[in-house]
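Novice: I have a structure I would like to understand better, so I am pasting it below and will then ask my questions one at a time.
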Amino acid sequence: MNRAQKAALAAAILLAAGIAPTGQAQAQPLAADGPAITVDATTARHAIDPNIYGINFADEALAADLRLPVRRWGGNATTRYNYKLDAYNAGADWYFENLHYSNDPAALPDGSEADKFVEQNLRTGTGTVLTVPMVGWTTAARDDACGFSIAKYGPQQGSDAQWRPDCGNGVKSDGTKVTGNIPAETSVAAGPDFTKGWVQYLDSTYGTANSGGVRFYDLDNEPDLWFSTHRDVHPAGTGYEEMRDSTYATAAAIKDADPAAQTLGPVGWGFNSLVYSGLDQKTCSEVGGDCWSNPPDRAAHGGVQFAPWYLQQMQAYEQAHGRRILDYFDEHIYPQQTGVFGGSNDAATQALRLRSTRQLWDPTYVDESWINQPIQFIPRLRSLVDQNYPGTKTAITEYNWGALDHIDGALAQADVLGIFGREGLDLATLWDPPTADEPGAYAFRMFRNYDGQGGSFGDTSVRAASADQEKLSVYAAERSSDHALTVTVINKTTGDLTAPVSVTGGSASTATAAQVYRYGQSDLTAIQHPADQPLTGGGFTTTFPAYSITTYVLPAGTATATPPTAPGTPAATSVGSDRVTLTWTASTAGTDPVASYQVYSGDPATTAPVATVSAPATTATVTGLTPATAYAFRVVAKDTAGRSSPPSAEVRVTTATATAPACTVAYRPATDWGTGFTALVTITNKGPAINGWQLGFSFAGNQKVTQGWSGTWTQTGSAVTVKDAGWNAALATGASTDIGFNGAYTGTNPAPTGFTLNGKSCSIPGTAAAARVAPAVGQAPVGIQGGTS
């Protein structure tokens, strides 16, 4: 057989196997139809804080490449870090051993590892988040001491056999824990004055927070796990009072040393940190059973879960002392689904990882782990702040969705960054950074430096929606530096998807083409810059490659449109039990005339208005309010092109007391993708106990219920009725039940009206009030992921 015959035979074999011979292009199948994407640059506008793009311990090259906004010094090793000795105790992470950095002892505290950390940040223009000790102890010496000496405390199940064989893991051979050890064998007492001294040293060395020095201070690391991670010095769980008093003392010491410094707390390890104190977590992990539903420390504090109690105490401090000592409400989150954080990459775990990001925001997503309930982590943090200490910012200083060395992990990371910006988180730092050449680093580049020249995702979030966020997730923002509109689409499926993209407002009206940048599985080593995407009527249809992140940049053109100025602070008059009249000073028009004013009682970026009036009117009456309830109202102007002004300053109003109605109904749109929506409804019985109920209401627009839950739903024309589901039929006085539905609509999507319960009218709180996130239900943790970094 000659060479040509052999080549022909080989080609035939390859073709029979479905493989194209080398040098011959293989025909590609048609992409599947994907969900429609809509972007509206005129609505849901709010600032994106650049501090959401932070990372713990990123190396200098990556930090410079990403123009990293904040970098955190955190984790278990920082809990007992002694800046004077440049030494720390690793706790349970490494046999409770004292360890130290190899810097010149004679020069300390100058030249410590913490100093080098701050200095790198100064070189890259990165803000520092520095963890300070609050546990009450710090490392005593640069020595080889450890918390559980085998020679002193007997045989143990594990030891540092290679390096320090006398250092055990604190667990006896029979599985019980070593108790009665002496903390002073490794550590020395360190209180608020120790932290104050460190802040004063940093101020004198690098300047104060307002002079380029350290601005952010994390109040230790995961104190609710000290009973495990640092049990050699803190074997008891941290109770409500200890957390309050330690925070008061340490945060006040920081503010005394540097009044401009920003503090973050309580830095809990995860979802259960919102529900339980460390004391309850320790007690219930030992007792089990019903303890998790009625923990003793919580019971001793009126049944109030830990997070709201903590925030209430921080507000009480400010009211008593006239200064704020907690600036950020900081909690960690690690996905608890099996294999996600651990980095597993089988097909099932990849799919689970990509849908599990919904726990950050989606009220319809039931967490697929031992948590087994909707988490809504970022809205939950905001809700806790709004209800218990308004004005506090929100932070997540540790999170990790795993597999940052794989395209699947990069997609999840990009999705998380988009969610952070859209949901209004204020600060976040990824734990365990990727290397510069790993896919996870490219996820950050798609937001911070997609073109290698500093090209970045916008800093003003605008409305973006996908008809199926699990297939194509989308995020959009306008860039203040040049008013370009940036749109990022993530294909989270393993197949190509062709989808229409509709863009209105902003640069969509003038741009004829969008620049395209893409990262995906076809090339894990670089961000590609394909040909520009032509725009027709502000939109286009394109194919999004499988497992890819695509960013579109729509330039603003030469003429930059400006929105109206913020309206004046509203004044409240005629305050009744269910209504208030608001009056404000008119906005000054920008490029186009002012068309209307919208009144909000929640965040204008994420909630619907409670009243709208056409300009030039500057007065509106808000109805449907709850008696004897505090509200905060703001006003936003809209021009004839649909551009929104910044919100006015807020006015706070408390409605008058009135005879309680028979019922109240809170209606909350959860998601809206342009043609459909999800809504949640809370029914509260204000009258005598009932056993069996029927809710009635009417839609105000062209809306239809497509699926409902927690009741039997029927609709005739615009009228909707919901009958109880049996299990929720009984409502005692003051009792509530939650129901919900998915709906479709055309045109606008106003809130329903005319709610009745068993034929009696219900009062309706302002539908745009801060979203009510159902209280968390504590669960016994099973196989905790993360929380021990």
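Ordering of the structure tokens sets the chain letters (A, B, ...), residue numbers begin anew at 1 in every chain, and ligands are numbered from 1 in the order given.
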What lies within 7 Å of Trp361 of chain A using only C-alpha atoms, ignoring chain neighbours under 4 positions off, as a PyMOL selection string?
Specialist: chain A and resi 376-379
Novice: Let's see if you can do this: from backbone DSSP, list all strand (DSSP E or B) residues in segment 117-237 of chain A, as a ChimeraX atom specification.
Specialist: /A:127-132,137-139,146,149,156,159-160,164-168,171-172,177,187-189,216-219
Novice: Show which residues sit within 8 Å of segment 150-155 of chain A, as a PyMOL selection string. Count only C-alpha atoms, and ignore same-chain residues fewer than 6 positions away.
Specialist: chain A and resi 166-168+172-173+178+181
Novice: Just give me the gap between atom CA of Pro433 of chain A and atom CA of Asn56 of chain A in Å, one decimal is fine.
Specialist: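 Atom CA of Pro433 of chain A sits 6.6 Å away from atom CA of Asn56 of chain A.
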Novice: For segment 563-576 of chain A, work out the shell of residues within 7 Å, counting only C-alpha atoms and skipping chain neighbours fewer than 4 positions away, then give it as a PyMOL selection string.
Specialist: chain A and resi 580-591+594+635-637+639+643-651+655-656
Novice: Env of Pro374 of chain A: 10 Å cut, atoms = only C-alpha atoms, seq-sep filter 3 positions within chain, self excluded. Answer as a list in words.
Specialist: Arg358, Gln359, Leu360, Trp361, Asp362, Pro363, Thr364, Tyr365, Val366, Asp367, Glu368, Ile371, Phe377, Val773, Ala774, Ala776 and Val777 of chain A
Novice: Would you please work out which residue, of A:Ser698, A:Thr618, A:Gln779, A:Ser383, is nearest to Val722 of chain A when using only C-alpha atoms?
Specialist: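 When distances to Val722 of chain A are compared using only C-alpha atoms, the smallest one comes from A:Ser698.
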Novice: To one decimal place in Å, what is the distance between atom CA of Val233 of chain A and atom CA of Trp137 of chain A?
Specialist: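 Result for atom CA of Val233 of chain A versus atom CA of Trp137 of chain A: 7.3 Å, one decimal.
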Novice: If DSSP is run on the backbone, what residues of segment 412-589 of chain A are alpha helix (DSSP H)? A reply as a PyMOL selection string would be ideal.
Specialist: chain A and resi 412-423+439-448
Novice: Have a look at A:Gly687, A:Gly726, A:Pro266, A:Pro439 and name the one nearest to Asp405 of chain A; count only C-alpha atoms.
Specialist: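 Going through A:Gly687, A:Gly726, A:Pro266, A:Pro439 one by one, the smallest distance to Asp405 of chain A is for A:Pro439.
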Novice: What's the 7 Å shell around Val39 of chain A, counting only C-alpha atoms, without same-chain residues fewer than 2 positions away, as a list in words?
Specialist: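 In the requested form, the answer reads Ile37, Ala41, Arg463, Ala464, Ala465, Ser502, Val503 and Thr504 of chain A.
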Novice: Export, as a compact mmCIF listing (two decimals), in the first residue's frame, the selected residues with all heavy atoms.
Specialist:
# COMPACT_ATOMS: atom_id res chain seq x y z
N ILE A 37 -31.92 38.00 26.28
CA ILE A 37 -31.22 38.88 27.22
C ILE A 37 -31.68 40.31 26.97
O ILE A 37 -31.75 40.75 25.82
CB ILE A 37 -29.70 38.76 27.05
CG1 ILE A 37 -29.22 37.40 27.55
CG2 ILE A 37 -28.97 39.89 27.76
CD1 ILE A 37 -27.77 37.12 27.25
N ALA A 41 -30.27 50.52 30.28
CA ALA A 41 -29.30 51.38 30.97
C ALA A 41 -29.95 52.54 31.69
O ALA A 41 -29.25 53.32 32.35
CB ALA A 41 -28.27 51.91 29.97
N ARG A 463 -29.92 47.79 34.80
CA ARG A 463 -30.77 46.60 34.75
C ARG A 463 -30.33 45.67 33.62
O ARG A 463 -30.17 46.09 32.47
CB ARG A 463 -32.22 46.99 34.54
CG ARG A 463 -33.18 45.82 34.59
CD ARG A 463 -34.62 46.28 34.34
NE ARG A 463 -35.56 45.18 34.47
CZ ARG A 463 -35.83 44.32 33.48
NH1 ARG A 463 -35.22 44.44 32.31
NH2 ARG A 463 -36.70 43.34 33.67
N ALA A 464 -30.13 44.41 33.95
CA ALA A 464 -29.81 43.37 32.97
C ALA A 464 -30.53 42.10 33.40
O ALA A 464 -30.51 41.73 34.58
CB ALA A 464 -28.31 43.14 32.88
N ALA A 465 -31.18 41.42 32.45
CA ALA A 465 -31.95 40.24 32.80
C ALA A 465 -31.83 39.19 31.72
O ALA A 465 -31.71 39.51 30.53
CB ALA A 465 -33.42 40.61 33.01
N SER A 502 -31.08 42.52 23.63
CA SER A 502 -31.73 43.81 23.41
C SER A 502 -31.18 44.82 24.42
O SER A 502 -31.18 44.56 25.63
CB SER A 502 -33.24 43.68 23.58
OG SER A 502 -33.86 44.95 23.55
N VAL A 503 -30.69 45.97 23.92
CA VAL A 503 -30.09 46.98 24.78
C VAL A 503 -30.80 48.30 24.53
O VAL A 503 -30.93 48.75 23.38
CB VAL A 503 -28.58 47.14 24.51
CG1 VAL A 503 -27.96 48.12 25.51
CG2 VAL A 503 -27.88 45.79 24.57
N THR A 504 -31.27 48.94 25.60
CA THR A 504 -31.90 50.25 25.49
C THR A 504 -31.23 51.21 26.45
O THR A 504 -30.71 50.83 27.48
CB THR A 504 -33.40 50.17 25.82
OG1 THR A 504 -33.56 49.65 27.15
CG2 THR A 504 -34.14 49.28 24.84
Novice: Give the answer as one residue: which of A:Cys291, A:Ala595, A:Ala735, A:Ala61 has the shortest atom-to-atom distance to Ala662 of chain A, using only C-alpha atoms?
Specialist: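 The answer is A:Ala735, which sits nearest to Ala662 of chain A.
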Novice: Could you tell me which of A:Thr79, A:Gln262, A:Phe227, A:Thr42 comes closest to Gly127 of chain A if we count only C-alpha atoms?
Specialist: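 Smallest distance to Gly127 of chain A is found for A:Gln262.
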